[in-house]
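All remarks here apply to the structure that follows.
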Amino acid sequence: MLKIKNLTKVYGTFKAVDNLTLDIEEGEIFGFVGPNGAGKTTTMKMVSTLLNSTEGEIYIDGLDISKNIKQAREKIGYMPDFFGVYDNLKVDEYLEFYGNVAGLSREQIVAVSDDLLELVDLKAKKSSYVDSLSRGMKQRLCLARSLIHNPKLLVLDEPASGMDPRARVQMKEILKELKKMGKTILISSHILPELAEICTTIGIIENGKIVIKGPVEEIVNKISSGNNTIKIKLVESNPNTIRLLEEDPLVGNIYENGRILEIEFNGDEEDTFKLIKKLVNKEIPIVSFNHIERNLEEIFMKVTKGGEE
Amino acid sequence: MNPILKKELKIKMRSWKVVAVMMIYLLALGGLILLMSSNIFMGYGSGYGIRPEEISTIFIFIVMAQLGLILLIAPATTANSISGERERGTLDLLICTRMSSLSLVVGKLLASIAEVVLLLIVSIPVLSIIFLFGGISLSNILLIFIFYVITAILFGSIGIFMSSFFKKTTTSTIMSYFVTALLAGGTVFIVLAMEVFYFRPNGVSGFLNSFPKILYLNPFVVLLGVLDSFMGQGMLTDIFGLKGSTKLIVINMLFSIITSMILLYLSSIKINPMKGLKSKNK
Ligand SMILES: Nc1ncnc2c1ncn2[C@@H]1O[C@H](COP(=O)(O)OP(=O)(O)OP(=O)(O)O)[C@@H](O)[C@H]1O
Ligand SMILES: [Mg+2]
């Protein structure tokens, strides 16, 4: 559905997007995660025909967008990270306007706009002025707008940014609905856990490059395995324990804090079991043994820690 | 109907701005007429009577003043057309659609023209008195109105062009008025400066051998020229030592239309991020 090949965008001497290659299948929900300035918006703008690439190609539904701009634009529904609305325009007129812009007839617009307002839960606001809506409502309306011409591909740049938790849940529900409708979605966020819930695939981007990508579970497992922390509490501080642990090749750094030890451990669950068995066999006086699973937030921080430069 | 035009009209009709502009416009026009007439009627009181050439003077003055108002309004309604959408954060939403950027630009221009035409229409009652005494035919008046509209198209296109090339509305507004002043004032200034340069002691008249081409671009000059020829006056002769004719205004309108088309085309290319500048095909 969406094929990005060796995409590069250079601003002056700065590479905002660096030789990025991506392939999104029809019906896939691709979560684009990365810290500020990673190049998410730049990539999405190039996909949405709003920015010329320096290098590389983009295909939507098999169409090279640089050669078939108009057809490509008909297939894309784009929701920018920042956008505005017009004063003196009502919600239904807003949709009508963008419907007109998309070349729809009046009947077509009438036929879809009620459904769209229903989908984004703004039916009650139909006759309100758009600039009087709350931020979350405007975002939902903008999403409805991006759907008006029934595009196959949705490009959503942080659709839930600035929303309160409740509104985020609502946005998630809408996205799930869109997934059911068979849309292909490219969605960006800073927040990995949020995306993990709705996406089928995740790509983490940093400094314009995809650091890692794959199906959600795979990504989560891949990053979290081999990066565990084990926390052990002993009856009393015991130097033998540390020596014993250091012998194990899977153990990394050990942090000692009184009778509590924090151990970096690069093994899977089987390895963890073996480690416990060894410690117990050597009669190390363990009070508690905790396998700390990193959450997605931490994984994200870890994978993208190079961003602060 | 162009969707941009439709939306602009809808929004404009709801805003108080249009009404305010209309009121100010009518007040300015009415004020000018009153001012001019009071001078003449004061003359009447002193026993000279109203002379036809005085009515003609008012007529010419008002026709020129109306042009001046259009030159003020046309750039104002378009200098924010594209940059305003950009600043508001709605431009991208229009570009990533199947609508061509030429439609966008043309829609913006039409909305501006509609506003000018509206002003012209509401000014008709005020002007009709003057036109009644002006002593020129209906078809001549029609020509003047067509000239107004075409001038609005040119200066509207200049505003749109600046609005697409400059990111900020402020810059775009300044540049639009700069070009407007250049065409409406600068051209005359250049010619008058030439006059000083080639000053002849035997008077101003006839210092130029032929009509300077640059004055074809000046809307005031060509309008004055055509009024001269309609009314058998010689105001252009007084200023430049040149004879006015309908040819001036026709050439000027052709220039306006061609220039507007070029400006709109360039604007549409500038707006579309995927066109122009760079085309790499492998
Ligand atoms: N017009 C521009 N000129 C120069 N540099 C730019 C321009 N637009 C973006 N950049 C740079 O490109 C990099 C990528 O920006 P981009 O907006 O794509 O990041 P992002 O991943 O969307 O970040 P965020 O999470 O903050 O939205 C940034 O370092 C930014 O400074
Ligand atoms: Mg961004």
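Convention: chains lettered A, B, ... in structure tokens order; per-chain residue numbering from 1; ligands numbered from 1 as shown.
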* To do: Quick one: everything within 12 Å of A:Ala124, counting only C-alpha atoms, minus sequence neighbours fewer than 5 positions away in the same chain. Send it as a list in words.
  =>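 Near neighbours after the sequence-gap exclusion: Val91, Asp92, Asp114, Leu117, Glu118, Leu119, Tyr129, Leu133 and Met137 of chain A.
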* Asked: Do you know which residues are at most 10 Å from A:Arg135 counting only C-alpha atoms, after dropping those on the same chain fewer than 5 positions away, and could you put them as a ChimeraX atom specification?
  -> /A:140-141,161-164
* Could you please extract the residues within 7 Å of ligand 2, counting only C-alpha atoms and all ligand atoms, and hand them back as a PyMOL selection string? => chain A and resi 36-37+40-41+81+157
* To do: Using only C-alpha atoms, determine which residues lie at most 6 Å from A:Gly34, disregarding the query and same-chain residues fewer than 2 positions distant; provide the list as an NGL selection string.
  => :A and (38 or 190 or 204-206)
* Asked: Please, which residues of chain B lie no more than 6 Å from chain A when the count uses only C-alpha atoms, and can they be set out as a VMD selection string?
  -> chain B and resid 3 11 88 to 90 96 to 99 273 to 274
Those same residues - N, CA, C and O atoms - I'd like them written as a PDB file, in the first residue's frame.
```pdb
ATOM      1  N   PRO B   3     -14.740  25.890  -4.986  1.00  0.00           N
ATOM      2  CA  PRO B   3     -15.007  25.695  -3.551  1.00  0.00           C
ATOM      3  C   PRO B   3     -14.395  26.779  -2.663  1.00  0.00           C
ATOM      4  O   PRO B   3     -14.967  27.139  -1.630  1.00  0.00           O
ATOM      5  N   ILE B  11     -17.843  32.927   4.468  1.00  0.00           N
ATOM      6  CA  ILE B  11     -17.186  33.483   5.650  1.00  0.00           C
ATOM      7  C   ILE B  11     -17.255  35.003   5.638  1.00  0.00           C
ATOM      8  O   ILE B  11     -17.544  35.631   6.660  1.00  0.00           O
ATOM      9  N   ARG B  88      -2.503  30.434   9.524  1.00  0.00           N
ATOM     10  CA  ARG B  88      -3.589  29.845  10.306  1.00  0.00           C
ATOM     11  C   ARG B  88      -3.418  28.340  10.442  1.00  0.00           C
ATOM     12  O   ARG B  88      -3.989  27.714  11.314  1.00  0.00           O
ATOM     13  N   GLY B  89      -2.606  27.761   9.553  1.00  0.00           N
ATOM     14  CA  GLY B  89      -2.411  26.316   9.595  1.00  0.00           C
ATOM     15  C   GLY B  89      -3.474  25.566   8.821  1.00  0.00           C
ATOM     16  O   GLY B  89      -3.883  24.469   9.197  1.00  0.00           O
ATOM     17  N   THR B  90      -3.961  26.179   7.743  1.00  0.00           N
ATOM     18  CA  THR B  90      -4.967  25.499   6.931  1.00  0.00           C
ATOM     19  C   THR B  90      -4.498  25.276   5.491  1.00  0.00           C
ATOM     20  O   THR B  90      -5.190  24.661   4.706  1.00  0.00           O
ATOM     21  N   CYS B  96      -2.973  19.165   0.073  1.00  0.00           N
ATOM     22  CA  CYS B  96      -2.916  17.710  -0.057  1.00  0.00           C
ATOM     23  C   CYS B  96      -4.251  17.129  -0.538  1.00  0.00           C
ATOM     24  O   CYS B  96      -4.646  16.042  -0.157  1.00  0.00           O
ATOM     25  N   THR B  97      -4.952  17.885  -1.370  1.00  0.00           N
ATOM     26  CA  THR B  97      -6.218  17.390  -1.929  1.00  0.00           C
ATOM     27  C   THR B  97      -6.091  17.342  -3.455  1.00  0.00           C
ATOM     28  O   THR B  97      -5.114  17.818  -4.008  1.00  0.00           O
ATOM     29  N   ARG B  98      -7.121  16.819  -4.082  1.00  0.00           N
ATOM     30  CA  ARG B  98      -7.059  16.725  -5.540  1.00  0.00           C
ATOM     31  C   ARG B  98      -7.284  18.070  -6.223  1.00  0.00           C
ATOM     32  O   ARG B  98      -7.065  18.222  -7.410  1.00  0.00           O
ATOM     33  N   MET B  99      -7.714  19.056  -5.449  1.00  0.00           N
ATOM     34  CA  MET B  99      -7.897  20.388  -6.025  1.00  0.00           C
ATOM     35  C   MET B  99      -6.538  20.950  -6.450  1.00  0.00           C
ATOM     36  O   MET B  99      -5.570  20.864  -5.714  1.00  0.00           O
ATOM     37  N   PRO B 273       4.109  22.159  -3.447  1.00  0.00           N
ATOM     38  CA  PRO B 273       5.457  21.763  -3.056  1.00  0.00           C
ATOM     39  C   PRO B 273       6.075  20.720  -3.984  1.00  0.00           C
ATOM     40  O   PRO B 273       7.280  20.560  -4.020  1.00  0.00           O
ATOM     41  N   MET B 274       5.235  20.026  -4.724  1.00  0.00           N
ATOM     42  CA  MET B 274       5.763  18.929  -5.541  1.00  0.00           C
ATOM     43  C   MET B 274       6.120  19.378  -6.950  1.00  0.00           C
ATOM     44  O   MET B 274       6.649  18.623  -7.722  1.00  0.00           O
TER      45      MET B 274
END
```
* Which residues in stretch 157-258 of chain A does DSSP call strand (DSSP E or B)? List them as JSON, numbers by chain. -> {"A": [157, 184, 185, 186, 187, 188, 189, 201, 202, 203, 204, 205, 206, 209, 210, 211, 212, 213, 214, 215, 228, 229, 230, 231, 232, 233, 234, 251, 252, 253, 254, 255, 256, 257]}
* Asked: Which residues, written as a count of residues only, have at least one atom at most 9 Å from stretch 12-25 of chain B, with only C-alpha atoms counted and residues fewer than 2 positions away on the same chain left out?
  -> 18
* Asked: Tell me, which residues of stretch 156-272 of chain B carry DSSP helix (DSSP H, G or I), written as a PyMOL selection string?
  -> chain B and resi 156-165+169-197+213-217+219-231+235-240+246-271
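Ranking A:Asp61, A:Asp115, A:Glu25, A:Glu262 by their shortest atom-to-atom distance to A:Leu147, with only C-alpha atoms included, puts A:Asp115 first.
Atom CA of B:Ser128 is found 26.5 Å from atom CA of B:Ala76.
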* **Selected residue of minimal separation from ligand 1 among A:Gln170, A:Thr42, A:Thr229, A:Gln108, counting only C-alpha atoms and all ligand atoms** =>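 Of all the options, A:Thr42 lies closest to ligand 1.
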* To do: Identify which of the residues B:Val117, B:Leu215, B:Leu67, B:Ser56 lies closest to B:Leu236, counting only C-alpha atoms when measuring atom-to-atom distances.
  =>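 Nearest candidate to B:Leu236 out of B:Val117, B:Leu215, B:Leu67, B:Ser56: B:Leu215.
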* Interatomic distance (Å, one decimal) between atom CA of A:Glu236 and atom CA of A:Glu283 ->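 Pair atom CA of A:Glu236 / atom CA of A:Glu283 returns 12.8 Å.
Atom pair atom CA of A:Leu186 / atom CA of A:Val10 has a distance of 22.0 Å (rounded to one decimal).
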* Selected residue, from B:Ile124, B:Lys167, B:Leu224, B:Gly159, that lies nearest to ligand 1 when counting only C-alpha atoms and all ligand atoms -> B:Lys167
